[in-house]
There are 2 protein chains.
Amino acid sequence: MEKNLKRMATMQRMQVTGLELFYKKGYYNTSVDDILKELNLSKGAFYYHFESKEDFFIQIIENLVVRKMYGMLIEPIEGHEHTLDLITNCFEDALETAVHNELDFGFVLSNFINEFNGRNDKIMKHLNDILKVWEVNLVSAIQRGKFNGFIDRHVDSEGVAVYLMSAYMGIRTLMVETAPSARKYRFMAQIRQYLKSIEAKTTTV
Amino acid sequence: MEKNLKRMATMQRMQVTGLELFYKKGYYNTSVDDILKELNLSKGAFYYHFESKEDFFIQIIENLVVRKMYGMLIEPIEGHEHTLDLITNCFEDALETAVHNELDFGFVLSNFINEFNGRNDKIMKHLNDILKVWEVNLVSAIQRGKFNGFIDRHVDSEGVAVYLMSAYMGIRTLMVETAPSARKYRFMAQIRQYLKSIEAKTTTV
DNA sequence: ACTATTACCGACCAAGTGGTCGGTCTTAGT
DNA sequence: ACTAAGACCGACCACTTGGTCGGTAATAGT
């Protein structure tokens with residue numbers, strides 16, 4: 001039991017550092033040795049805990065990426081209050097995190113999707129699953145919004161979801177180099193504009 | 001002179017195949033030998049024409065990516081007709097190209113930006129330059145739209161430009177695996193909705 | 001016919017790559 | 001005190017990478 005704890009701790013350390021480097025330098029461009037060097041561990045340690053580099057990465061997805069995605073982009077919009085506000089605030093928070101150069105897992109995800117697309121089907125499947133969860137939750141949030149009278153009943157929930165995800169992932173790419181803070185600000189203003197356009201028209205004058 | 005023609009032809013062949021493979025498998029994950037194998041050429045031929053793999057890639061950007069970007073995403077919105085229609089049609093066309101699995105250079109660009117971000121400043125500079133050109137042209141198209149009375153004078157041109165670019169690059173990431181055609185359709189519907197919300201209100205009743 | 005340049009070949013190199021494996025400490029259980 | 005398993009070490013392997021370099025076939029200019 002105590003043993004198992006040590007095992008878990010080491011694996012966790014490897015995964016955290018692994019994600020950091022994979023994100024910074026890309027999966028294919030980061031060697032197992034790079035990660036090991038950072039942690040002062042040896043090849044032996046790595047292959048004692050993980051089957052392969054690929055297996056290692058998949059465990060990172062399941063253990064770190066999935067959970068963070070939930071915390072940042074899924075849970076925050078699960079409430080029953082004004083749906084569009086929830087979404088707006090959620091995006092605002094996530095982008096603010098990104099501005100401070102911290103890991104923003106929505107972007108981590110789209111980043112990896114771009115890297116593995118057409119190159120590793122097994123990993124792509126895992127990444128797409130997360131995307132699907134995000135999409136499903138957005139769709140049901142929007143439907144809830146319609147039901148609760150916050151969103152125009154005529155809008156296409158699926159469409160809005162796909163659109164929001166697109167916009168979010170796109171702005172993150174645009175934020176990587178040029179004026180992230182300014183771009184975030186402009187982006188949020190336009191998102192609000194768009195979301196306003198799908199609000200329920202209470203003024204059914 | 002005749003000689004020079006042959007040189008150009010070979011370089012062109014290398015660049016076209018190079019872009020194809022870099023796009024499909026990523027820059028770091030594509031070896032010079034991969035490209036050479038495809039063309040039945042030797043290492044010697046490659047390094048006779050290009051200084052390095054990096055130099056080769058930069059020439060691809062300048063010769064192929066820049067020009068295609070112009071043709072697909074910049075020139076089409078340079079007219080003086082109804083600006084928002086121009087933008088809509090331009091996006092529609094570019095995404096349709098993407099659905100048929102052909103190279104869509106807007107996405108090629110964002111793809112490479114993701115790959116080189118934080119890894120190769122020199123290349124990033126070139127990529128960002130193209131992005132900048134796109135942005136500038138979008139901004140001026142929108143300002144033209146305002147001037148011509150098609151777009152609400154109160155909207156933030158820069159904001160709209162950044163937002164449109166974001167949305168476009170994002171949807172392309174979402175289209176890489178799941179239901180590209182359906183997603184394109186939904187996306188376009190929402191983009192139209194958004195663009196409608198920034199139209200000039202002719203009904204100033 | 002001779003020569004010089006262009007365009008290309010392919011063996012070679014040093015530096016990595018993911019992955020293996022025999023060995024060695026430390027610790028827990030008896 | 002002895003043993004067995006867990007956690008880790010690091011030398012090693014086959015292979016790939018970007019890049020070099022001495023050569024050669026074809027061609028253009030004279």
# chains A, B, ... in the order shown; residues from 1 in each chain; ligands from 1

call {"tool": "interface_residues", "arguments": {"of": "chain D", "to": "chain A", "cutoff": "12 Å", "atoms": "only C-alpha atoms (C1' of nucleotides)", "output": "list in words"}}
result
DA5, DG6, DA7, DC8, DC9, DG10, DA11 and DC12 of chain D

call {"tool": "write_last_selection", "arguments": {"atoms": "C-alpha atoms (C1' of nucleotides)", "output": "mmCIF file, in the first residue's frame"}}
result
data_model
loop_
_atom_site.group_PDB
_atom_site.id
_atom_site.type_symbol
_atom_site.label_atom_id
_atom_site.label_comp_id
_atom_site.auth_asym_id
_atom_site.auth_seq_id
_atom_site.Cartn_x
_atom_site.Cartn_y
_atom_site.Cartn_z
ATOM 1 C "C1'" DA D 5 9.433 -7.919 -4.338
ATOM 2 C "C1'" DG D 6 9.234 -3.007 -5.729
ATOM 3 C "C1'" DA D 7 11.508 0.990 -7.656
ATOM 4 C "C1'" DC D 8 15.001 2.511 -10.143
ATOM 5 C "C1'" DC D 9 19.719 2.672 -12.750
ATOM 6 C "C1'" DG D 10 22.337 3.193 -17.023
ATOM 7 C "C1'" DA D 11 24.815 0.740 -20.630
ATOM 8 C "C1'" DC D 12 23.350 -0.865 -24.756
#

call {"tool": "closest_atom_pairs", "arguments": {"of": "region 9-30 of chain C", "to": "region 14-30 of chain D", "cutoff": "8 Å", "atoms": "only C-alpha atoms (C1' of nucleotides)", "output": "tab-separated table"}}
result
residue	atom	partner	partner_atom	distance
C:DC9	C1'	D:DT24	C1'	7.9
C:DG16	C1'	D:DT17	C1'	7.2
C:DT17	C1'	D:DT16	C1'	7.1

call {"tool": "interface_residues", "arguments": {"of": "chain A", "to": "chain B", "cutoff": "7 Å", "atoms": "only C-alpha atoms", "output": "ChimeraX atom specification"}}
result
/A:24-25,28-29,110-111,114,118-119,159-160,162-163,166-171,173-174,186-187,190,194,197

call {"tool": "write_last_selection", "arguments": {"atoms": "C-alpha atoms", "output": "PDB file, in the first residue's frame"}}
result
ATOM      1  CA  LYS A  24       5.437  23.158 -25.089  1.00  0.00           C
ATOM      2  CA  LYS A  25       7.431  21.272 -27.690  1.00  0.00           C
ATOM      3  CA  TYR A  28       6.842  14.024 -31.559  1.00  0.00           C
ATOM      4  CA  ASN A  29       9.383  16.666 -30.806  1.00  0.00           C
ATOM      5  CA  SER A 110      -7.102  21.443 -30.041  1.00  0.00           C
ATOM      6  CA  ASN A 111      -3.341  21.663 -30.166  1.00  0.00           C
ATOM      7  CA  ASN A 114      -3.844  19.212 -34.848  1.00  0.00           C
ATOM      8  CA  GLY A 118      -3.914  11.658 -39.565  1.00  0.00           C
ATOM      9  CA  ARG A 119      -0.870  10.442 -37.681  1.00  0.00           C
ATOM     10  CA  GLY A 159     -24.979  24.639 -34.427  1.00  0.00           C
ATOM     11  CA  VAL A 160     -24.393  27.022 -31.559  1.00  0.00           C
ATOM     12  CA  VAL A 162     -20.067  23.725 -32.765  1.00  0.00           C
ATOM     13  CA  TYR A 163     -19.779  27.418 -33.386  1.00  0.00           C
ATOM     14  CA  SER A 166     -14.769  26.697 -33.072  1.00  0.00           C
ATOM     15  CA  ALA A 167     -14.518  30.262 -31.950  1.00  0.00           C
ATOM     16  CA  TYR A 168     -12.871  29.284 -28.698  1.00  0.00           C
ATOM     17  CA  MET A 169     -10.250  27.055 -30.239  1.00  0.00           C
ATOM     18  CA  GLY A 170      -9.572  29.570 -32.965  1.00  0.00           C
ATOM     19  CA  ILE A 171      -9.017  32.525 -30.687  1.00  0.00           C
ATOM     20  CA  THR A 173      -4.482  29.909 -31.780  1.00  0.00           C
ATOM     21  CA  LEU A 174      -4.595  33.616 -32.496  1.00  0.00           C
ATOM     22  CA  ARG A 186     -11.993  41.980 -28.607  1.00  0.00           C
ATOM     23  CA  PHE A 187     -12.997  38.384 -28.963  1.00  0.00           C
ATOM     24  CA  GLN A 190     -17.861  39.818 -30.295  1.00  0.00           C
ATOM     25  CA  TYR A 194     -23.249  36.864 -31.036  1.00  0.00           C
ATOM     26  CA  SER A 197     -28.305  37.577 -31.106  1.00  0.00           C
TER      27      SER A 197
END

call {"tool": "calpha_fit_and_write", "arguments": {"fixed": "chain B", "moving": "chain A", "output": "JSON list (two decimals) with C-alpha atoms, in the first residue's frame"}}
result
[["chain", "number", "residue", "atom", "x", "y", "z"],
["A", 1, "MET", "CA", 18.42, 30.08, -68.96],
["A", 2, "GLU", "CA", 17.19, 26.68, -70.01],
["A", 3, "LYS", "CA", 19.25, 25.38, -67.14],
["A", 4, "ASN", "CA", 17.59, 27.71, -64.76],
["A", 5, "LEU", "CA", 14.25, 26.38, -65.87],
["A", 6, "LYS", "CA", 15.17, 22.87, -64.91],
["A", 7, "ARG", "CA", 16.37, 24.10, -61.55],
["A", 8, "MET", "CA", 13.13, 25.89, -60.93],
["A", 9, "ALA", "CA", 11.09, 22.89, -61.99],
["A", 10, "THR", "CA", 12.87, 20.56, -59.59],
["A", 11, "MET", "CA", 12.64, 23.02, -56.75],
["A", 12, "GLN", "CA", 8.95, 23.44, -57.42],
["A", 13, "ARG", "CA", 8.37, 19.70, -57.37],
["A", 14, "MET", "CA", 10.21, 19.41, -54.09],
["A", 15, "GLN", "CA", 8.25, 22.25, -52.55],
["A", 16, "VAL", "CA", 4.86, 20.96, -53.60],
["A", 17, "THR", "CA", 5.58, 17.49, -52.28],
["A", 18, "GLY", "CA", 7.21, 18.97, -49.21],
["A", 19, "LEU", "CA", 4.16, 21.03, -48.31],
["A", 20, "GLU", "CA", 1.91, 18.06, -48.83],
["A", 21, "LEU", "CA", 3.91, 15.88, -46.46],
["A", 22, "PHE", "CA", 4.60, 18.60, -43.91],
["A", 23, "TYR", "CA", 0.89, 19.27, -43.79],
["A", 24, "LYS", "CA", -0.06, 15.62, -43.57],
["A", 25, "LYS", "CA", 2.53, 14.45, -41.08],
["A", 26, "GLY", "CA", 3.84, 17.65, -39.55],
["A", 27, "TYR", "CA", 7.16, 19.36, -40.11],
["A", 28, "TYR", "CA", 9.12, 17.69, -37.35],
["A", 29, "ASN", "CA", 7.63, 14.34, -38.13],
["A", 30, "THR", "CA", 8.52, 14.44, -41.82],
["A", 31, "SER", "CA", 12.10, 13.71, -42.76],
["A", 32, "VAL", "CA", 13.89, 15.10, -45.75],
["A", 33, "ASP", "CA", 14.29, 11.52, -46.89],
["A", 34, "ASP", "CA", 10.52, 11.05, -46.85],
["A", 35, "ILE", "CA", 10.13, 13.82, -49.37],
["A", 36, "LEU", "CA", 13.02, 12.59, -51.48],
["A", 37, "LYS", "CA", 11.68, 9.07, -51.57],
["A", 38, "GLU", "CA", 8.37, 10.35, -52.91],
["A", 39, "LEU", "CA", 10.19, 12.07, -55.77],
["A", 40, "ASN", "CA", 12.93, 9.53, -56.39],
["A", 41, "LEU", "CA", 15.55, 12.15, -55.72],
["A", 42, "SER", "CA", 18.65, 12.02, -53.58],
["A", 43, "LYS", "CA", 20.00, 13.87, -50.60],
["A", 44, "GLY", "CA", 22.49, 15.50, -52.91],
["A", 45, "ALA", "CA", 19.75, 17.01, -55.03],
["A", 46, "PHE", "CA", 18.00, 18.43, -52.01],
["A", 47, "TYR", "CA", 21.00, 20.10, -50.46],
["A", 48, "TYR", "CA", 22.10, 21.33, -53.85],
["A", 49, "HIS", "CA", 18.92, 23.37, -54.10],
["A", 50, "PHE", "CA", 18.26, 24.25, -50.47],
["A", 51, "GLU", "CA", 20.46, 25.27, -47.58],
["A", 52, "SER", "CA", 18.63, 23.33, -44.91],
["A", 53, "LYS", "CA", 15.29, 21.81, -44.03],
["A", 54, "GLU", "CA", 14.34, 25.07, -42.34],
["A", 55, "ASP", "CA", 15.29, 27.16, -45.37],
["A", 56, "PHE", "CA", 13.31, 24.75, -47.51],
["A", 57, "PHE", "CA", 10.22, 25.22, -45.38],
["A", 58, "ILE", "CA", 10.46, 28.99, -45.38],
["A", 59, "GLN", "CA", 10.64, 28.96, -49.16],
["A", 60, "ILE", "CA", 7.53, 26.80, -49.21],
["A", 61, "ILE", "CA", 5.74, 29.36, -47.09],
["A", 62, "GLU", "CA", 6.78, 32.24, -49.30],
["A", 63, "ASN", "CA", 6.16, 30.49, -52.60],
["A", 64, "LEU", "CA", 3.10, 28.39, -51.94],
["A", 65, "VAL", "CA", 1.30, 29.24, -48.74],
["A", 66, "VAL", "CA", 1.35, 33.02, -49.10],
["A", 67, "ARG", "CA", 0.06, 32.91, -52.66],
["A", 68, "LYS", "CA", -2.70, 30.44, -51.98],
["A", 69, "MET", "CA", -3.80, 32.41, -48.93],
["A", 70, "TYR", "CA", -4.13, 35.43, -51.14],
["A", 71, "GLY", "CA", -6.15, 33.56, -53.71],
["A", 72, "MET", "CA", -8.50, 31.90, -51.27],
["A", 73, "LEU", "CA", -9.01, 34.22, -48.34],
["A", 74, "ILE", "CA", -7.82, 37.68, -49.28],
["A", 75, "GLU", "CA", -8.55, 38.54, -52.91],
["A", 76, "PRO", "CA", -12.12, 37.24, -52.78],
["A", 77, "ILE", "CA", -13.13, 39.88, -50.27],
["A", 78, "GLU", "CA", -11.42, 42.79, -51.93],
["A", 79, "GLY", "CA", -14.41, 43.80, -54.03],
["A", 80, "HIS", "CA", -16.64, 46.77, -53.37],
["A", 81, "GLU", "CA", -19.93, 44.94, -53.32],
["A", 82, "HIS", "CA", -21.84, 43.92, -50.23],
["A", 83, "THR", "CA", -18.92, 43.19, -47.91],
["A", 84, "LEU", "CA", -20.59, 40.68, -45.65],
["A", 85, "ASP", "CA", -21.71, 38.64, -48.63],
["A", 86, "LEU", "CA", -18.18, 38.59, -49.93],
["A", 87, "ILE", "CA", -16.90, 37.31, -46.61],
["A", 88, "THR", "CA", -19.66, 34.73, -46.33],
["A", 89, "ASN", "CA", -19.04, 33.40, -49.83],
["A", 90, "CYS", "CA", -15.32, 33.37, -49.29],
["A", 91, "PHE", "CA", -15.64, 31.28, -46.14],
["A", 92, "GLU", "CA", -18.19, 29.04, -47.79],
["A", 93, "ASP", "CA", -15.84, 28.34, -50.70],
["A", 94, "ALA", "CA", -12.79, 27.78, -48.53],
["A", 95, "LEU", "CA", -14.64, 25.38, -46.24],
["A", 96, "GLU", "CA", -16.10, 23.53, -49.18],
["A", 97, "THR", "CA", -12.57, 23.02, -50.47],
["A", 98, "ALA", "CA", -11.65, 21.70, -47.04],
["A", 99, "VAL", "CA", -14.54, 19.25, -47.01],
["A", 100, "HIS", "CA", -13.09, 17.66, -50.13],
["A", 101, "ASN", "CA", -9.86, 17.11, -48.31],
["A", 102, "GLU", "CA", -7.93, 19.51, -50.44],
["A", 103, "LEU", "CA", -5.39, 21.86, -48.98],
["A", 104, "ASP", "CA", -7.11, 24.77, -47.36],
["A", 105, "PHE", "CA", -4.37, 27.26, -46.73],
["A", 106, "GLY", "CA", -6.12, 29.11, -43.95],
["A", 107, "PHE", "CA", -6.01, 25.92, -41.98],
["A", 108, "VAL", "CA", -2.56, 24.97, -43.20],
["A", 109, "LEU", "CA", -1.50, 28.23, -41.65],
["A", 110, "SER", "CA", -3.12, 27.74, -38.25],
["A", 111, "ASN", "CA", -1.88, 24.18, -38.25],
["A", 112, "PHE", "CA", 1.71, 25.27, -38.68],
["A", 113, "ILE", "CA", 1.30, 28.07, -36.17],
["A", 114, "ASN", "CA", 0.34, 25.49, -33.60],
["A", 115, "GLU", "CA", 3.28, 23.30, -34.53],
["A", 116, "PHE", "CA", 5.96, 25.99, -34.48],
["A", 117, "ASN", "CA", 4.68, 28.08, -31.62],
["A", 118, "GLY", "CA", 7.44, 28.35, -29.05],
["A", 119, "ARG", "CA", 9.67, 26.05, -31.06],
["A", 120, "ASN", "CA", 11.00, 28.05, -33.97],
["A", 121, "ASP", "CA", 10.85, 31.82, -33.80],
["A", 122, "LYS", "CA", 12.19, 32.37, -37.29],
["A", 123, "ILE", "CA", 9.44, 30.34, -38.91],
["A", 124, "MET", "CA", 6.83, 31.76, -36.55],
["A", 125, "LYS", "CA", 7.69, 35.22, -37.78],
["A", 126, "HIS", "CA", 6.91, 34.24, -41.35],
["A", 127, "LEU", "CA", 3.65, 32.61, -40.36],
["A", 128, "ASN", "CA", 2.58, 35.56, -38.27],
["A", 129, "ASP", "CA", 3.26, 37.87, -41.17],
["A", 130, "ILE", "CA", 0.72, 36.03, -43.27],
["A", 131, "LEU", "CA", -1.79, 36.11, -40.46],
["A", 132, "LYS", "CA", -1.23, 39.85, -40.21],
["A", 133, "VAL", "CA", -1.91, 40.33, -43.92],
["A", 134, "TRP", "CA", -5.14, 38.40, -43.59],
["A", 135, "GLU", "CA", -6.17, 40.44, -40.58],
["A", 136, "VAL", "CA", -5.35, 43.77, -42.21],
["A", 137, "ASN", "CA", -7.35, 42.89, -45.28],
["A", 138, "LEU", "CA", -10.32, 41.77, -43.24],
["A", 139, "VAL", "CA", -10.22, 44.98, -41.23],
["A", 140, "SER", "CA", -10.15, 47.16, -44.30],
["A", 141, "ALA", "CA", -12.92, 45.13, -45.90],
["A", 142, "ILE", "CA", -15.06, 45.73, -42.85],
["A", 143, "GLN", "CA", -14.26, 49.41, -42.83],
["A", 144, "ARG", "CA", -15.20, 49.56, -46.47],
["A", 145, "GLY", "CA", -18.43, 47.87, -45.54],
["A", 146, "LYS", "CA", -19.13, 50.52, -42.96],
["A", 147, "PHE", "CA", -18.29, 53.28, -45.38],
["A", 148, "ASN", "CA", -20.56, 51.80, -48.02],
["A", 149, "GLY", "CA", -23.38, 51.48, -45.54],
["A", 150, "PHE", "CA", -23.49, 47.68, -45.39],
["A", 151, "ILE", "CA", -22.15, 47.36, -41.87],
["A", 152, "ASP", "CA", -23.21, 49.08, -38.69],
["A", 153, "ARG", "CA", -20.86, 52.01, -38.10],
["A", 154, "HIS", "CA", -20.60, 51.22, -34.39],
["A", 155, "VAL", "CA", -18.93, 47.83, -34.70],
["A", 156, "ASP", "CA", -15.27, 47.36, -33.87],
["A", 157, "SER", "CA", -13.61, 46.44, -37.16],
["A", 158, "GLU", "CA", -10.56, 44.93, -35.50],
["A", 159, "GLY", "CA", -12.78, 42.92, -33.22],
["A", 160, "VAL", "CA", -14.85, 41.53, -36.05],
["A", 161, "ALA", "CA", -11.72, 40.61, -37.98],
["A", 162, "VAL", "CA", -10.11, 38.78, -35.06],
["A", 163, "TYR", "CA", -13.39, 37.08, -34.37],
["A", 164, "LEU", "CA", -13.88, 35.90, -37.94],
["A", 165, "MET", "CA", -10.37, 34.56, -38.15],
["A", 166, "SER", "CA", -10.81, 32.74, -34.86],
["A", 167, "ALA", "CA", -14.04, 31.16, -35.91],
["A", 168, "TYR", "CA", -12.61, 30.09, -39.24],
["A", 169, "MET", "CA", -9.50, 28.49, -37.83],
["A", 170, "GLY", "CA", -11.48, 26.84, -35.07],
["A", 171, "ILE", "CA", -14.07, 25.24, -37.31],
["A", 172, "ARG", "CA", -11.30, 23.81, -39.43],
["A", 173, "THR", "CA", -9.88, 22.04, -36.42],
["A", 174, "LEU", "CA", -13.32, 20.70, -35.62],
["A", 175, "MET", "CA", -13.76, 19.55, -39.20],
["A", 176, "VAL", "CA", -10.68, 17.38, -39.31],
["A", 177, "GLU", "CA", -12.34, 14.28, -37.94],
["A", 178, "THR", "CA", -16.03, 14.45, -37.26],
["A", 179, "ALA", "CA", -18.73, 15.10, -39.85],
["A", 180, "PRO", "CA", -16.93, 17.87, -41.73],
["A", 181, "SER", "CA", -19.78, 18.57, -44.11],
["A", 182, "ALA", "CA", -22.45, 18.76, -41.42],
["A", 183, "ARG", "CA", -20.26, 20.91, -39.23],
["A", 184, "LYS", "CA", -19.46, 23.24, -42.08],
["A", 185, "TYR", "CA", -23.17, 23.66, -42.71],
["A", 186, "ARG", "CA", -24.00, 24.40, -39.08],
["A", 187, "PHE", "CA", -21.05, 26.70, -38.77],
["A", 188, "MET", "CA", -21.99, 28.74, -41.81],
["A", 189, "ALA", "CA", -25.52, 29.16, -40.50],
["A", 190, "GLN", "CA", -24.20, 30.61, -37.25],
["A", 191, "ILE", "CA", -21.68, 32.83, -39.01],
["A", 192, "ARG", "CA", -24.50, 34.26, -41.08],
["A", 193, "GLN", "CA", -26.45, 34.87, -37.91],
["A", 194, "TYR", "CA", -23.51, 36.71, -36.40],
["A", 195, "LEU", "CA", -22.81, 38.75, -39.51],
["A", 196, "LYS", "CA", -26.44, 39.72, -39.66],
["A", 197, "SER", "CA", -26.11, 41.10, -36.15],
["A", 198, "ILE", "CA", -23.44, 43.55, -37.30],
["A", 199, "GLU", "CA", -25.27, 44.63, -40.44],
["A", 200, "ALA", "CA", -26.30, 48.24, -40.78],
["A", 201, "LYS", "CA", -29.80, 48.70, -39.43],
["A", 202, "THR", "CA", -31.57, 50.08, -42.47],
["A", 203, "THR", "CA", -34.75, 49.76, -40.46],
["A", 204, "THR", "CA", -33.99, 52.84, -38.36],
["A", 205, "VAL", "CA", -37.69, 53.01, -37.78]]

call {"tool": "atom_distance", "arguments": {"atom1": "C1' of DC2 (chain D)", "atom2": "C1' of DG29 (chain C)"}}
result
10.6 Å

call {"tool": "select_by_dssp", "arguments": {"residues": "region 81-182 of chain B", "states": "alpha helix (DSSP H)", "output": "ChimeraX atom specification"}}
result
/B:83-99,105-116,121-147,157-175,180-182

call {"tool": "interface_residues", "arguments": {"of": "chain C", "to": "chain A", "cutoff": "9 Å", "atoms": "only C-alpha atoms (C1' of nucleotides)", "output": "list of chain:residue names"}}
result
C:DT17, C:DG18, C:DG19, C:DT27

call {"tool": "write_last_selection", "arguments": {"atoms": "C-alpha atoms (C1' of nucleotides)", "output": "PDB file, in the first residue's frame"}}
result
ATOM      1  C1'  DT C  17      15.340   8.158 -31.030  1.00  0.00           C
ATOM      2  C1'  DG C  18      12.237   4.606 -28.556  1.00  0.00           C
ATOM      3  C1'  DG C  19      12.918   0.626 -26.220  1.00  0.00           C
ATOM      4  C1'  DT C  27      11.946  -1.643   2.081  1.00  0.00           C
TER       5       DT C  27
END

call {"tool": "atom_distance", "arguments": {"atom1": "C1' of DC12 (chain C)", "atom2": "C1' of DC13 (chain D)"}}
result
20.2 Å

call {"tool": "atom_distance", "arguments": {"atom1": "C1' of DT26 (chain C)", "atom2": "C1' of DA4 (chain D)"}}
result
12.2 Å
